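See structure below.
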Amino acid sequence: MKFGIFYELQLPKPWDPTSERDLYRNALAQLELADRLGYDYAWEVEHHFLEEYSHSPAPEVFLGAASQRTSRIRLGHGIIQLTTNHPARVAERVAALDLLSDGRVEFGIGEGASITELGPFDRGMAEKRAVWEDAVRCILPMMQQEGFEYDGPYFQFPLRNVLPKPLQRPHPPLWVACSQLETIEMAGRRGMGALGFQFLSAEAAHAWVHAYYNSFVKWLDKLADYATNPNIALVSYFMCAETDEEARRRADGVTFFQFALRYYNAAQGRERAKPGTVSLWAEYEAWKRANPEAVARALSGGLIGSPETLRRKLRKFESSNIDQIILLNQAGKNSHADICESLELFAREVMPEFHAREPEHQAWKRGVLAGEIELEEIDTAPFRDRFGPNAVQVARPAAAE
């Protein structure tokens, strides 16, 4: 099993004039540390206008900086919003980053999740999947052909040679964002890696893996001519410390992350509060004081605990044949020092065991893709909840109405 780290670049209020600068500097230092420690991937989101939840609207800039401070770790777009970017600009930026990083880019793509983000770009929730599919058909040939023109329902492009071309040929590995089982199945059918932005139990992960690989092997239906990428990665909350109690104390940002995720996904299709009128952190603090049991329940999930606790949990995930676990450490007000210590302890005490068994997993995957290993047909109905068993259940803050 491989391991990635994940960045929303969260920044709860209050802010001062250097808050965002310090956020970026610390995140880059953490990524540089992860490269030295042997982590496999670093994933950076693209979000727009989501106050406190994410200050990462330009992942290509952040990853470009990271490419010059690292030498081995794979640099993942997790994801580029194809609904809010022109296909030619996406192709150009991804190729430029691939050149700068000496071929270390992972090309994650998605649709965007809320009207808060899509509305200013004149995109609606109802059309976002169709826009995404049209963009895929447009972008991938641009990376491979010297001259390309396109006339689709959402994008029209005259004959041009889109430059530069990526170092990885025919293009960097393709991934798609997935937050529900239906999109996991879609990712397999489209032949793309599945970035599971969902927080699952090991049992649910087993169901998702089998749904993904069944779809990939039996119903492959690519949108265009591109290289397939059979991989499934799942995000998990993360904090590693010497004891479970200390890990939970340091991982307060996890419950803020869940609270903010609920806030921005509540009542889809509606605009949120006017900028500057709500402190999400203040709303979260009030909720936390009123719901101590829910906080404790949230912190008992994910990969939060001592090295021994995390080894035990990861062995269950490993048995599901997940390709990669993406560790979400930078959340809420989790401190830079705690994040770095967590990365170091995990890399020293936990990661080597699972890296050592990666050849066994690759052998399993080769058997599945060759049709030599039959996958289970699992009843996935119990595993279709969007936010997972340990999610913080919150109403939208009253001040946001």
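Residue numbers start at 1 in each chain; chains themselves are named A, B, ... in the order of the structure tokens; ligands are numbered from 1 in the order shown.
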
Exercise. Show which residues sit within 12 Å of Glu349 (chain A), as a list of chain:residue names. Count only C-alpha atoms, and ignore same-chain residues fewer than 4 positions away.
Key: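 So, after excluding close chain neighbours, the residues are A:Leu37, A:Cys240, A:Ala241, A:Glu242, A:Ser306, A:Pro307, A:Glu308, A:Thr309, A:Leu310, A:Arg311, A:Glu341, A:Ser342, A:Leu343, A:Glu344, A:Leu345, A:Glu353, A:Phe354, A:His355.
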
Selection file, N, CA and C atoms, as a PDB file, in the first residue's frame:
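Output file selection19.pdb follows:
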```pdb
ATOM      1  N   LEU A  37      10.967  11.834   3.775  1.00  0.00           N
ATOM      2  CA  LEU A  37      10.576  10.694   4.599  1.00  0.00           C
ATOM      3  C   LEU A  37      10.090   9.501   3.779  1.00  0.00           C
ATOM      4  N   CYS A 240      -0.804  11.068  13.946  1.00  0.00           N
ATOM      5  CA  CYS A 240      -0.044  10.032  14.627  1.00  0.00           C
ATOM      6  C   CYS A 240       0.744  10.662  15.766  1.00  0.00           C
ATOM      7  N   ALA A 241       0.608  10.103  16.961  1.00  0.00           N
ATOM      8  CA  ALA A 241       1.348  10.565  18.137  1.00  0.00           C
ATOM      9  C   ALA A 241       1.699   9.348  18.988  1.00  0.00           C
ATOM     10  N   GLU A 242       2.456   9.551  20.031  1.00  0.00           N
ATOM     11  CA  GLU A 242       2.930   8.430  20.835  1.00  0.00           C
ATOM     12  C   GLU A 242       1.792   7.661  21.496  1.00  0.00           C
ATOM     13  N   SER A 306      -1.944   6.156  18.065  1.00  0.00           N
ATOM     14  CA  SER A 306      -0.544   5.768  18.232  1.00  0.00           C
ATOM     15  C   SER A 306      -0.097   4.931  17.033  1.00  0.00           C
ATOM     16  N   PRO A 307       1.208   4.728  16.857  1.00  0.00           N
ATOM     17  CA  PRO A 307       1.655   3.851  15.769  1.00  0.00           C
ATOM     18  C   PRO A 307       1.018   2.473  15.804  1.00  0.00           C
ATOM     19  N   GLU A 308       0.893   1.878  16.982  1.00  0.00           N
ATOM     20  CA  GLU A 308       0.295   0.546  17.058  1.00  0.00           C
ATOM     21  C   GLU A 308      -1.170   0.581  16.642  1.00  0.00           C
ATOM     22  N   THR A 309      -1.916   1.592  17.072  1.00  0.00           N
ATOM     23  CA  THR A 309      -3.317   1.715  16.665  1.00  0.00           C
ATOM     24  C   THR A 309      -3.430   1.877  15.153  1.00  0.00           C
ATOM     25  N   LEU A 310      -2.568   2.692  14.583  1.00  0.00           N
ATOM     26  CA  LEU A 310      -2.632   2.913  13.141  1.00  0.00           C
ATOM     27  C   LEU A 310      -2.223   1.665  12.371  1.00  0.00           C
ATOM     28  N   ARG A 311      -1.251   0.933  12.846  1.00  0.00           N
ATOM     29  CA  ARG A 311      -0.895  -0.328  12.183  1.00  0.00           C
ATOM     30  C   ARG A 311      -2.081  -1.283  12.168  1.00  0.00           C
ATOM     31  N   GLU A 341       5.612  16.343  13.240  1.00  0.00           N
ATOM     32  CA  GLU A 341       5.913  15.214  14.133  1.00  0.00           C
ATOM     33  C   GLU A 341       5.100  13.991  13.749  1.00  0.00           C
ATOM     34  N   SER A 342       3.850  14.216  13.367  1.00  0.00           N
ATOM     35  CA  SER A 342       2.988  13.120  12.953  1.00  0.00           C
ATOM     36  C   SER A 342       3.538  12.430  11.711  1.00  0.00           C
ATOM     37  N   LEU A 343       3.949  13.224  10.715  1.00  0.00           N
ATOM     38  CA  LEU A 343       4.521  12.658   9.492  1.00  0.00           C
ATOM     39  C   LEU A 343       5.788  11.863   9.796  1.00  0.00           C
ATOM     40  N   GLU A 344       6.624  12.388  10.669  1.00  0.00           N
ATOM     41  CA  GLU A 344       7.880  11.710  10.998  1.00  0.00           C
ATOM     42  C   GLU A 344       7.646  10.393  11.739  1.00  0.00           C
ATOM     43  N   LEU A 345       6.758  10.406  12.732  1.00  0.00           N
ATOM     44  CA  LEU A 345       6.504   9.204  13.523  1.00  0.00           C
ATOM     45  C   LEU A 345       5.873   8.115  12.659  1.00  0.00           C
ATOM     46  N   GLU A 353       6.259  -1.123   7.110  1.00  0.00           N
ATOM     47  CA  GLU A 353       5.576  -2.422   7.046  1.00  0.00           C
ATOM     48  C   GLU A 353       4.716  -2.537   5.801  1.00  0.00           C
ATOM     49  N   PHE A 354       3.983  -1.477   5.491  1.00  0.00           N
ATOM     50  CA  PHE A 354       3.032  -1.528   4.382  1.00  0.00           C
ATOM     51  C   PHE A 354       3.719  -1.309   3.033  1.00  0.00           C
ATOM     52  N   HIS A 355       4.754  -0.505   3.005  1.00  0.00           N
ATOM     53  CA  HIS A 355       5.555  -0.380   1.795  1.00  0.00           C
ATOM     54  C   HIS A 355       6.184  -1.738   1.428  1.00  0.00           C
TER      55      HIS A 355
END
```

Could I get the residues of region 205-263 of chain A with an atom no further than 12 Å from an atom of region 273-281 of chain A, each paired with its nearest atom pair and that distance in Å to one decimal, using only C-alpha atoms, sorted by chain and residue number, as a Markdown table?
```
| residue | atom | partner | partner_atom | distance |
| --- | --- | --- | --- | --- |
| A:Asp252 | CA | A:Trp281 | CA | 11.7 |
| A:Gly253 | CA | A:Trp281 | CA | 10.2 |
| A:Thr255 | CA | A:Trp281 | CA | 10.9 |
| A:Phe256 | CA | A:Trp281 | CA | 7.5 |
| A:Phe257 | CA | A:Trp281 | CA | 10.1 |
| A:Gln258 | CA | A:Leu280 | CA | 11.7 |
| A:Phe259 | CA | A:Leu280 | CA | 8.7 |
| A:Ala260 | CA | A:Leu280 | CA | 7.2 |
| A:Leu261 | CA | A:Leu280 | CA | 10.8 |
| A:Arg262 | CA | A:Leu280 | CA | 11.3 |
| A:Tyr263 | CA | A:Leu280 | CA | 8.7 |
```

Practice problem: With a distance cut-off of 7 Å and only C-alpha atoms, select the neighbouring residues of region 1-16 of chain A, excluding the residue or stretch itself and same-chain residues fewer than 4 positions from it, and output the selection as a PyMOL selection string. | Solution: chain A and resi 23+39-45+52-56+279+281+318+322-328+330-333+354-355+358

Self-check item: Close residues, Leu140 (chain A) itself excluded, 12 Å, only C-alpha atoms, min 4 positions apart in chain, as a ChimeraX atom specification
Solution: /A:87-88,90-92,94-95,107,109,133-136,144-145,148-150,162,165-166,169-174,222-228

Exercise. Considering only C-alpha atoms, state which residue in the set A:Pro352, A:Pro141, A:Pro359, A:Gly78 is at the smallest distance from Glu111 (chain A).
Key: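 The closest residue to Glu111 (chain A) is A:Gly78.
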